[in-house]
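Text of entry34.pdb (PDB, C-alpha atoms and all ligand atoms) as supplied:
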ATOM      1  CA  MET A   1       0.000   0.000   0.000
ATOM      2  CA  ALA A   2       1.349   3.395  -0.938
ATOM      3  CA  ARG A   3       2.322   5.758   1.842
ATOM      4  CA  ILE A   4       0.665   9.050   1.051
ATOM      5  CA  GLU A   5       1.889  12.221   2.659
ATOM      6  CA  ASN A   6      -0.157  15.243   3.290
ATOM      7  CA  ASN A   7       0.604  16.935  -0.029
ATOM      8  CA  ARG A   8      -1.881  19.056  -1.902
ATOM      9  CA  VAL A   9      -2.365  18.980  -5.653
ATOM     10  CA  LEU A  10      -3.439  22.027  -7.638
ATOM     11  CA  THR A  11      -6.643  21.250  -9.545
ATOM     12  CA  LEU A  12      -7.403  23.061 -12.790
ATOM     13  CA  ASN A  13     -10.716  22.968 -14.601
ATOM     14  CA  ARG A  14     -10.945  21.737 -18.189
ATOM     15  CA  VAL A  15      -9.664  25.047 -19.552
ATOM     16  CA  TRP A  16      -6.727  25.159 -17.128
ATOM     17  CA  GLN A  17      -8.072  27.697 -14.681
ATOM     18  CA  PRO A  18      -7.220  26.906 -11.040
ATOM     19  CA  ILE A  19     -10.248  25.943  -8.969
ATOM     20  CA  ALA A  20      -8.994  24.162  -5.851
ATOM     21  CA  THR A  21      -6.274  22.229  -4.156
ATOM     22  CA  VAL A  22      -7.043  18.653  -3.156
ATOM     23  CA  PRO A  23      -5.167  16.030  -1.151
ATOM     24  CA  LEU A  24      -2.776  13.900  -3.191
ATOM     25  CA  ARG A  25      -4.856  10.771  -2.631
ATOM     26  CA  LYS A  26      -7.952  12.439  -4.061
ATOM     27  CA  ALA A  27      -6.078  13.803  -7.073
ATOM     28  CA  MET A  28      -4.638  10.395  -7.868
ATOM     29  CA  ASN A  29      -8.051   8.850  -7.552
ATOM     30  CA  MET A  30      -9.515  11.348 -10.029
ATOM     31  CA  VAL A  31      -6.750  10.579 -12.508
ATOM     32  CA  PHE A  32      -7.127   6.853 -11.969
ATOM     33  CA  ARG A  33     -10.847   7.085 -12.729
ATOM     34  CA  GLY A  34     -10.251   9.168 -15.846
ATOM     35  CA  ARG A  35     -11.891  12.275 -14.396
ATOM     36  CA  ALA A  36      -8.642  14.211 -14.573
ATOM     37  CA  ARG A  37      -5.219  14.053 -16.134
ATOM     38  CA  VAL A  38      -1.847  14.929 -14.685
ATOM     39  CA  VAL A  39      -0.172  18.061 -16.022
ATOM     40  CA  GLU A  40       3.573  17.648 -16.002
ATOM     41  CA  ALA A  41       4.950  20.830 -14.512
ATOM     42  CA  GLU A  42       8.001  21.259 -16.706
ATOM     43  CA  THR A  43       6.448  20.481 -20.079
ATOM     44  CA  PHE A  44       2.672  20.993 -19.576
ATOM     45  CA  GLN A  45       2.234  17.588 -21.158
ATOM     46  CA  LEU A  46      -0.923  15.685 -20.152
ATOM     47  CA  PHE A  47      -0.910  12.161 -18.794
ATOM     48  CA  THR A  48      -3.570   9.576 -18.086
ATOM     49  CA  TRP A  49      -2.903   7.320 -15.123
ATOM     50  CA  ASP A  50      -1.501   4.544 -17.319
ATOM     51  CA  GLN A  51       0.709   6.987 -19.198
ATOM     52  CA  TRP A  52       1.928   8.468 -15.916
ATOM     53  CA  LEU A  53       2.838   5.059 -14.553
ATOM     54  CA  ALA A  54       4.574   4.108 -17.778
ATOM     55  CA  ASP A  55       6.612   7.307 -17.798
ATOM     56  CA  LYS A  56       7.031   8.376 -14.170
ATOM     57  CA  ALA A  57       7.503   5.206 -12.180
ATOM     58  CA  VAL A  58      10.851   3.683 -11.379
ATOM     59  CA  PRO A  59      11.891   0.564  -9.443
ATOM     60  CA  VAL A  60      12.296   1.049  -5.693
ATOM     61  CA  ASP A  61      16.037   0.544  -5.952
ATOM     62  CA  ALA A  62      16.389   3.613  -8.196
ATOM     63  CA  HIS A  63      17.922   6.800  -6.805
ATOM     64  CA  VAL A  64      15.218   9.414  -6.524
ATOM     65  CA  ILE A  65      14.432  12.398  -4.328
ATOM     66  CA  GLU A  66      12.064  10.497  -2.108
ATOM     67  CA  ARG A  67       9.818  13.369  -1.148
ATOM     68  CA  ASP A  68       8.860  13.764  -4.821
ATOM     69  CA  TYR A  69       7.743  10.145  -5.076
ATOM     70  CA  LEU A  70       5.203   7.768  -3.650
ATOM     71  CA  ARG A  71       6.535   4.427  -2.667
ATOM     72  CA  THR A  72       4.505   1.344  -3.515
ATOM     73  CA  ALA A  73       5.625  -2.249  -2.935
ATOM     74  CA  SER A  74       7.665  -2.369  -6.120
ATOM     75  CA  LEU A  75       7.783   1.163  -7.509
ATOM     76  CA  PHE A  76       8.502   4.813  -6.829
ATOM     77  CA  VAL A  77       5.790   6.810  -8.582
ATOM     78  CA  ARG A  78       6.337  10.505  -9.156
ATOM     79  CA  LYS A  79       3.756  12.557  -7.217
ATOM     80  CA  PRO A  80       1.459  14.563  -9.436
ATOM     81  CA  GLU A  81       1.514  18.260  -8.492
ATOM     82  CA  VAL A  82      -1.054  19.648 -10.936
ATOM     83  CA  VAL A  83      -4.098  17.940 -12.465
ATOM     84  CA  THR A  84      -6.694  19.174 -14.934
ATOM     85  CA  LEU A  85     -10.287  17.972 -14.878
ATOM     86  CA  SER A  86     -11.580  16.272 -18.006
ATOM     87  CA  ARG A  87     -15.045  17.834 -18.113
ATOM     88  CA  PHE A  88     -15.693  20.559 -15.558
ATOM     89  CA  ALA A  89     -15.112  24.076 -16.906
ATOM     90  CA  GLY A  90     -16.895  26.128 -14.209
ATOM     91  CA  TYR A  91     -16.259  28.871 -11.739
ATOM     92  CA  PRO A  92     -13.178  31.072 -11.812
ATOM     93  CA  ASN A  93     -14.884  34.261 -12.899
ATOM     94  CA  ARG A  94     -17.772  34.052 -10.510
ATOM     95  CA  GLY A  95     -17.564  36.057  -7.322
ATOM     96  CA  VAL A  96     -17.234  34.001  -4.192
ATOM     97  CA  PRO A  97     -20.319  34.199  -1.991
ATOM     98  CA  TYR A  98     -19.824  35.509   1.532
ATOM     99  CA  SER A  99     -19.274  32.825   4.143
ATOM    100  CA  ARG A 100     -18.037  32.536   7.713
ATOM    101  CA  ARG A 101     -15.470  30.016   6.636
ATOM    102  CA  GLY A 102     -14.363  32.364   3.859
ATOM    103  CA  ILE A 103     -13.881  35.203   6.357
ATOM    104  CA  TYR A 104     -11.726  32.904   8.462
ATOM    105  CA  ASP A 105      -9.614  31.905   5.461
ATOM    106  CA  ARG A 106      -9.347  35.421   4.040
ATOM    107  CA  ASP A 107      -8.165  36.782   7.381
ATOM    108  CA  ASP A 108      -5.768  33.859   7.741
ATOM    109  CA  GLY A 109      -7.120  32.823  11.133
ATOM    110  CA  ARG A 110      -6.064  36.132  12.723
ATOM    111  CA  CYS A 111      -8.116  38.608  14.692
ATOM    112  CA  GLN A 112      -8.239  41.739  12.559
ATOM    113  CA  TYR A 113      -7.948  43.964  15.637
ATOM    114  CA  CYS A 114      -5.211  42.418  17.806
ATOM    115  CA  ASN A 115      -3.672  40.163  15.083
ATOM    116  CA  GLY A 116      -3.790  37.200  17.462
ATOM    117  CA  HIS A 117      -4.401  33.699  16.148
ATOM    118  CA  VAL A 118      -8.022  32.571  16.551
ATOM    119  CA  ARG A 119      -8.952  28.899  16.566
ATOM    120  CA  GLY A 120     -11.818  28.013  14.254
ATOM    121  CA  LYS A 121     -14.114  27.022  17.072
ATOM    122  CA  ASP A 122     -13.452  30.325  18.883
ATOM    123  CA  MET A 123     -14.005  32.569  15.882
ATOM    124  CA  THR A 124     -16.418  35.450  15.959
ATOM    125  CA  ILE A 125     -17.384  37.715  13.097
ATOM    126  CA  ASP A 126     -17.200  41.438  13.741
ATOM    127  CA  HIS A 127     -19.398  43.769  11.720
ATOM    128  CA  ILE A 128     -17.226  46.878  11.330
ATOM    129  CA  VAL A 129     -20.328  49.038  11.057
ATOM    130  CA  PRO A 130     -22.477  47.236  13.643
ATOM    131  CA  GLN A 131     -25.682  45.581  12.498
ATOM    132  CA  SER A 132     -27.523  47.681  15.065
ATOM    133  CA  ARG A 133     -26.440  50.724  13.076
ATOM    134  CA  GLY A 134     -27.320  49.352   9.674
ATOM    135  CA  GLY A 135     -24.114  47.465   8.895
ATOM    136  CA  VAL A 136     -24.613  44.557   6.496
ATOM    137  CA  THR A 137     -23.140  41.072   6.479
ATOM    138  CA  SER A 138     -20.672  41.229   3.602
ATOM    139  CA  TRP A 139     -17.033  40.678   2.725
ATOM    140  CA  LEU A 140     -16.323  44.382   3.123
ATOM    141  CA  ASN A 141     -18.112  44.945   6.423
ATOM    142  CA  CYS A 142     -17.091  41.759   8.217
ATOM    143  CA  VAL A 143     -13.800  40.636   9.693
ATOM    144  CA  LEU A 144     -12.548  37.803  11.845
ATOM    145  CA  ALA A 145     -12.243  38.851  15.499
ATOM    146  CA  CYS A 146     -11.299  37.127  18.721
ATOM    147  CA  GLY A 147     -13.922  37.062  21.451
ATOM    148  CA  ALA A 148     -12.134  39.678  23.548
ATOM    149  CA  CYS A 149     -11.831  42.232  20.738
ATOM    150  CA  ASN A 150     -15.379  41.659  19.571
ATOM    151  CA  HIS A 151     -16.616  42.153  23.131
ATOM    152  CA  ARG A 152     -14.575  45.310  23.555
ATOM    153  CA  LYS A 153     -15.759  46.795  20.261
ATOM    154  CA  ALA A 154     -19.398  45.909  20.913
ATOM    155  CA  ASP A 155     -21.833  48.201  19.069
ATOM    156  CA  ASN A 156     -19.267  50.844  18.214
ATOM    157  CA  LEU A 157     -17.288  51.859  15.197
ATOM    158  CA  PRO A 158     -13.604  50.955  15.615
ATOM    159  CA  THR A 159     -12.578  54.619  15.866
ATOM    160  CA  GLU A 160     -15.059  55.243  18.668
ATOM    161  CA  VAL A 161     -13.239  52.794  20.933
ATOM    162  CA  GLY A 162      -9.693  53.441  19.742
ATOM    163  CA  MET A 163      -9.445  50.213  17.733
ATOM    164  CA  LYS A 164      -7.815  49.814  14.348
ATOM    165  CA  LEU A 165      -8.076  47.127  11.694
ATOM    166  CA  VAL A 166      -4.934  45.175  10.906
ATOM    167  CA  ARG A 167      -5.870  45.555   7.232
ATOM    168  CA  GLU A 168      -8.844  46.641   5.171
ATOM    169  CA  PRO A 169     -11.249  43.803   4.403
ATOM    170  CA  TYR A 170     -11.639  42.898   0.746
ATOM    171  CA  GLN A 171     -13.710  40.727  -1.552
ATOM    172  CA  PRO A 172     -11.472  37.692  -2.050
ATOM    173  CA  THR A 173     -11.205  35.701  -5.243
ATOM    174  CA  ARG A 174     -11.735  31.958  -5.086
ATOM    175  CA  GLU A 175      -8.037  31.494  -5.693
ATOM    176  CA  GLN A 176      -7.059  33.708  -2.756
ATOM    177  CA  LEU A 177      -9.329  31.643  -0.517
ATOM    178  CA  PHE A 178      -8.256  28.181  -1.564
ATOM    179  CA  LEU A 179      -4.555  29.058  -1.465
ATOM    180  CA  GLN A 180      -4.741  30.633   1.993
ATOM    181  CA  GLY A 181      -2.573  28.670   4.392
ATOM    182  CA  ILE A 182      -1.458  26.241   1.671
ATOM    183  CA  ASP A 183       2.168  25.576   0.896
ATOM    184  CA  VAL A 184       2.250  26.791  -2.717
ATOM    185  CA  MET A 185       4.448  24.612  -4.932
ATOM    186  CA  LYS A 186       6.797  26.060  -7.522
ATOM    187  CA  SER A 187       5.122  24.035 -10.256
ATOM    188  CA  TRP A 188       1.825  25.868  -9.645
ATOM    189  CA  ALA A 189       3.215  29.267 -10.567
ATOM    190  CA  PRO A 190       2.213  29.239 -14.256
ATOM    191  CA  PHE A 191      -1.422  28.571 -13.319
ATOM    192  CA  ILE A 192      -2.083  30.959 -10.452
ATOM    193  CA  GLN A 193      -1.953  34.710  -9.942
ATOM    194  CA  ALA A 194      -0.993  34.733  -6.262
TER
HETATM  195 ZN    ZN A 201      -8.427  40.250  19.048
END

Representation of the structure as structure tokens:
Amino acid sequence: MARIENNRVLTLNRVWQPIATVPLRKAMNMVFRGRARVVEAETFQLFTWDQWLADKAVPVDAHVIERDYLRTASLFVRKPEVVTLSRFAGYPNRGVPYSRRGIYDRDDGRCQYCNGHVRGKDMTIDHIVPQSRGGVTSWLNCVLACGACNHRKADNLPTEVGMKLVREPYQPTREQLFLQGIDVMKSWAPFIQA
């Protein structure tokens, strides 16, 4: 059985726009089932699973950089780093709908007032212009806050209680959200803007 590390694989839609990162195991499964093909980083050549195995597997006694390979009983198989879906051509140009999870990702798990790390289960959403004063729930009016800062700010504007945002909130792109906190691989560079 192959030992699979916690790598992520950049997933492109059918027209090579980045739409997600997925765990290596999932990416390999999609390729194996013919739902995606591997994009070789250096050449942009496409591979089915059988083609990948034929071209990118070597015997386990070969000298390879082990972190770039999966080890099976008899083979080292090069880890795919980018895959492209065979059919799906959706979503890059659509705006990302507001979500709590998205706020957490956009703000990188940090309170936007004290810059402290906030665990997911402790997160609160601060409305910069409080809802009680007409503030809406949106990307631009909401930030991640720790409980203490949210409590201190209460129904005030930040300036009224001497608080300042770490940075201005913004409408994130899908790519900014799915790459947040991910170790971006060199081979992804041609496909992403970040
Ligand atoms: Zn805080």

Quiz item: What is the CA of Lys56 (chain A)-CA of Val83 (chain A) distance in Å, reported with one decimal?
Solution: 14.8 Å

Practice problem: Please identify all polymer residues lying at most 7 Å from the point (6.6, 4.8, -9.0) (file coordinates), using only C-alpha atoms, and present the result as a list of chain:residue names. | Solution: A:Leu53, A:Lys56, A:Ala57, A:Val58, A:Pro59, A:Tyr69, A:Leu70, A:Arg71, A:Thr72, A:Leu75, A:Phe76, A:Val77, A:Arg78

With the cut-off set at 7 Å and counting all atoms listed in the file, tabulate each residue of chain A with an atom at most that distance from an atom of ligand ZN 201 (chain A), showing the nearest atom pair and its distance in Å to one decimal, ordered by chain and increasing number, as a tab-separated table.
residue	atom	partner	partner_atom	distance
A:Cys111	CA	A:ZN201	ZN	4.7
A:Gln112	CA	A:ZN201	ZN	6.7
A:Tyr113	CA	A:ZN201	ZN	5.1
A:Cys114	CA	A:ZN201	ZN	4.1
A:Asn115	CA	A:ZN201	ZN	6.2
A:Gly116	CA	A:ZN201	ZN	5.8
A:Ala145	CA	A:ZN201	ZN	5.4
A:Cys146	CA	A:ZN201	ZN	4.3
A:Gly147	CA	A:ZN201	ZN	6.8
A:Ala148	CA	A:ZN201	ZN	5.9
A:Cys149	CA	A:ZN201	ZN	4.3

Exercise. Go through A:Ala73, A:Val9, A:Val64, A:Leu85 and flag the residue nearest Met30 (chain A), using all atoms listed in the file for the distances.
Key: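 Ranked by minimum distance to Met30 (chain A), first place goes to A:Leu85.
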
Quiz item: With only C-alpha atoms as the basis for distance, which of A:Asp108, A:Asp68, A:Asp155, A:Glu81 is at the shortest distance from Val39 (chain A)?
Solution: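 Ranked by minimum distance to Val39 (chain A), first place goes to A:Glu81.
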
Residues matched by the PyMOL selection byres (((chain A and resi 96) around 7) and not hetatm) as a PDB file with C-alpha atoms, in the frame of the given file:
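And here's out_29.pdb as it stands now:
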ATOM      1  CA  ARG A  94     -17.772  34.052 -10.510  1.00  0.00           C
ATOM      2  CA  GLY A  95     -17.564  36.057  -7.322  1.00  0.00           C
ATOM      3  CA  PRO A  97     -20.319  34.199  -1.991  1.00  0.00           C
ATOM      4  CA  TYR A  98     -19.824  35.509   1.532  1.00  0.00           C
ATOM      5  CA  THR A 173     -11.205  35.701  -5.243  1.00  0.00           C
ATOM      6  CA  ARG A 174     -11.735  31.958  -5.086  1.00  0.00           C
TER       7      ARG A 174
END

Exercise. List the residues matched by the PyMOL selection byres (((chain A and resi 109) around 8) and not hetatm) in the displayed structure as a list in words, ordered by chain and then by residue number.
Key: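 With the PyMOL selection byres (((chain A and resi 109) around 8) and not hetatm) on this model, the match is Tyr104, Asp105, Arg106, Asp107, Asp108, Arg110, Cys111, His117, Val118, Arg119, Gly120 and Leu144 of chain A.
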
May I ask you to restore all heavy atoms in region 62-73 of chain A and write the result as a tab-separated table (two decimals), keeping the file's coordinate frame?
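That gives us rebuild.tsv:
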chain	number	residue	atom	x	y	z
A	62	ALA	N	15.86	2.47	-7.46
A	62	ALA	CA	16.39	3.61	-8.20
A	62	ALA	C	16.72	4.75	-7.22
A	62	ALA	O	16.18	4.79	-6.12
A	62	ALA	CB	15.35	4.10	-9.21
A	63	HIS	N	17.61	5.64	-7.64
A	63	HIS	CA	17.92	6.80	-6.80
A	63	HIS	C	17.00	7.94	-7.17
A	63	HIS	O	17.04	8.45	-8.28
A	63	HIS	CB	19.39	7.20	-7.00
A	63	HIS	CG	20.33	6.21	-6.42
A	63	HIS	ND1	20.56	6.10	-5.07
A	63	HIS	CD2	21.08	5.24	-7.00
A	63	HIS	CE1	21.40	5.12	-4.84
A	63	HIS	NE2	21.74	4.57	-5.99
A	64	VAL	N	16.15	8.31	-6.26
A	64	VAL	CA	15.22	9.41	-6.52
A	64	VAL	C	15.19	10.31	-5.29
A	64	VAL	O	15.61	9.91	-4.21
A	64	VAL	CB	13.78	8.90	-6.81
A	64	VAL	CG1	13.73	8.10	-8.09
A	64	VAL	CG2	13.24	8.10	-5.62
A	65	ILE	N	14.68	11.52	-5.48
A	65	ILE	CA	14.43	12.40	-4.33
A	65	ILE	C	13.12	11.92	-3.72
A	65	ILE	O	12.04	12.14	-4.28
A	65	ILE	CB	14.33	13.87	-4.78
A	65	ILE	CG1	15.62	14.28	-5.50
A	65	ILE	CG2	14.05	14.79	-3.60
A	65	ILE	CD1	15.53	15.61	-6.22
A	66	GLU	N	13.22	11.26	-2.58
A	66	GLU	CA	12.06	10.50	-2.11
A	66	GLU	C	10.83	11.33	-1.84
A	66	GLU	O	9.72	10.85	-2.01
A	66	GLU	CB	12.44	9.68	-0.87
A	66	GLU	CG	13.42	8.58	-1.22
A	66	GLU	CD	13.32	7.39	-0.29
A	66	GLU	OE1	12.27	7.23	0.36
A	66	GLU	OE2	14.31	6.64	-0.21
A	67	ARG	N	11.04	12.61	-1.45
A	67	ARG	CA	9.82	13.37	-1.15
A	67	ARG	C	8.99	13.66	-2.40
A	67	ARG	O	7.83	14.04	-2.31
A	67	ARG	CB	10.15	14.65	-0.38
A	67	ARG	CG	10.79	15.73	-1.21
A	67	ARG	CD	11.10	16.97	-0.37
A	67	ARG	NE	12.41	17.50	-0.66
A	67	ARG	CZ	12.69	18.24	-1.73
A	67	ARG	NH1	11.75	18.55	-2.59
A	67	ARG	NH2	13.92	18.68	-1.94
A	68	ASP	N	9.59	13.53	-3.57
A	68	ASP	CA	8.86	13.76	-4.82
A	68	ASP	C	8.13	12.51	-5.32
A	68	ASP	O	7.45	12.55	-6.33
A	68	ASP	CB	9.83	14.22	-5.92
A	68	ASP	CG	10.38	15.61	-5.64
A	68	ASP	OD1	9.74	16.36	-4.88
A	68	ASP	OD2	11.46	15.94	-6.18
A	69	TYR	N	8.28	11.42	-4.60
A	69	TYR	CA	7.74	10.14	-5.08
A	69	TYR	C	6.89	9.46	-4.02
A	69	TYR	O	7.07	9.64	-2.83
A	69	TYR	CB	8.89	9.20	-5.46
A	69	TYR	CG	9.55	9.59	-6.76
A	69	TYR	CD1	10.48	10.62	-6.78
A	69	TYR	CD2	9.21	8.96	-7.95
A	69	TYR	CE1	11.07	11.02	-7.98
A	69	TYR	CE2	9.80	9.33	-9.15
A	69	TYR	CZ	10.73	10.36	-9.16
A	69	TYR	OH	11.31	10.75	-10.33
A	70	LEU	N	5.95	8.66	-4.51
A	70	LEU	CA	5.20	7.77	-3.65
A	70	LEU	C	5.84	6.42	-3.75
A	70	LEU	O	6.21	5.99	-4.84
A	70	LEU	CB	3.79	7.60	-4.20
A	70	LEU	CG	2.87	8.76	-4.06
A	70	LEU	CD1	1.68	8.55	-4.96
A	70	LEU	CD2	2.45	8.85	-2.62
A	71	ARG	N	5.93	5.75	-2.62
A	71	ARG	CA	6.54	4.43	-2.67
A	71	ARG	C	5.43	3.39	-2.61
A	71	ARG	O	4.60	3.39	-1.71
A	71	ARG	CB	7.48	4.29	-1.48
A	71	ARG	CG	8.37	3.10	-1.63
A	71	ARG	CD	9.09	2.79	-0.32
A	71	ARG	NE	9.70	1.50	-0.51
A	71	ARG	CZ	11.01	1.28	-0.45
A	71	ARG	NH1	11.82	2.26	-0.17
A	71	ARG	NH2	11.48	0.07	-0.66
A	72	THR	N	5.40	2.50	-3.58
A	72	THR	CA	4.50	1.34	-3.52
A	72	THR	C	5.39	0.13	-3.23
A	72	THR	O	6.60	0.28	-3.03
A	72	THR	CB	3.73	1.13	-4.84
A	72	THR	OG1	4.67	0.71	-5.82
A	72	THR	CG2	3.07	2.42	-5.31
A	73	ALA	N	4.83	-1.06	-3.24
A	73	ALA	CA	5.62	-2.25	-2.94
A	73	ALA	C	6.82	-2.38	-3.87
A	73	ALA	O	7.92	-2.71	-3.46
A	73	ALA	CB	4.74	-3.49	-3.01
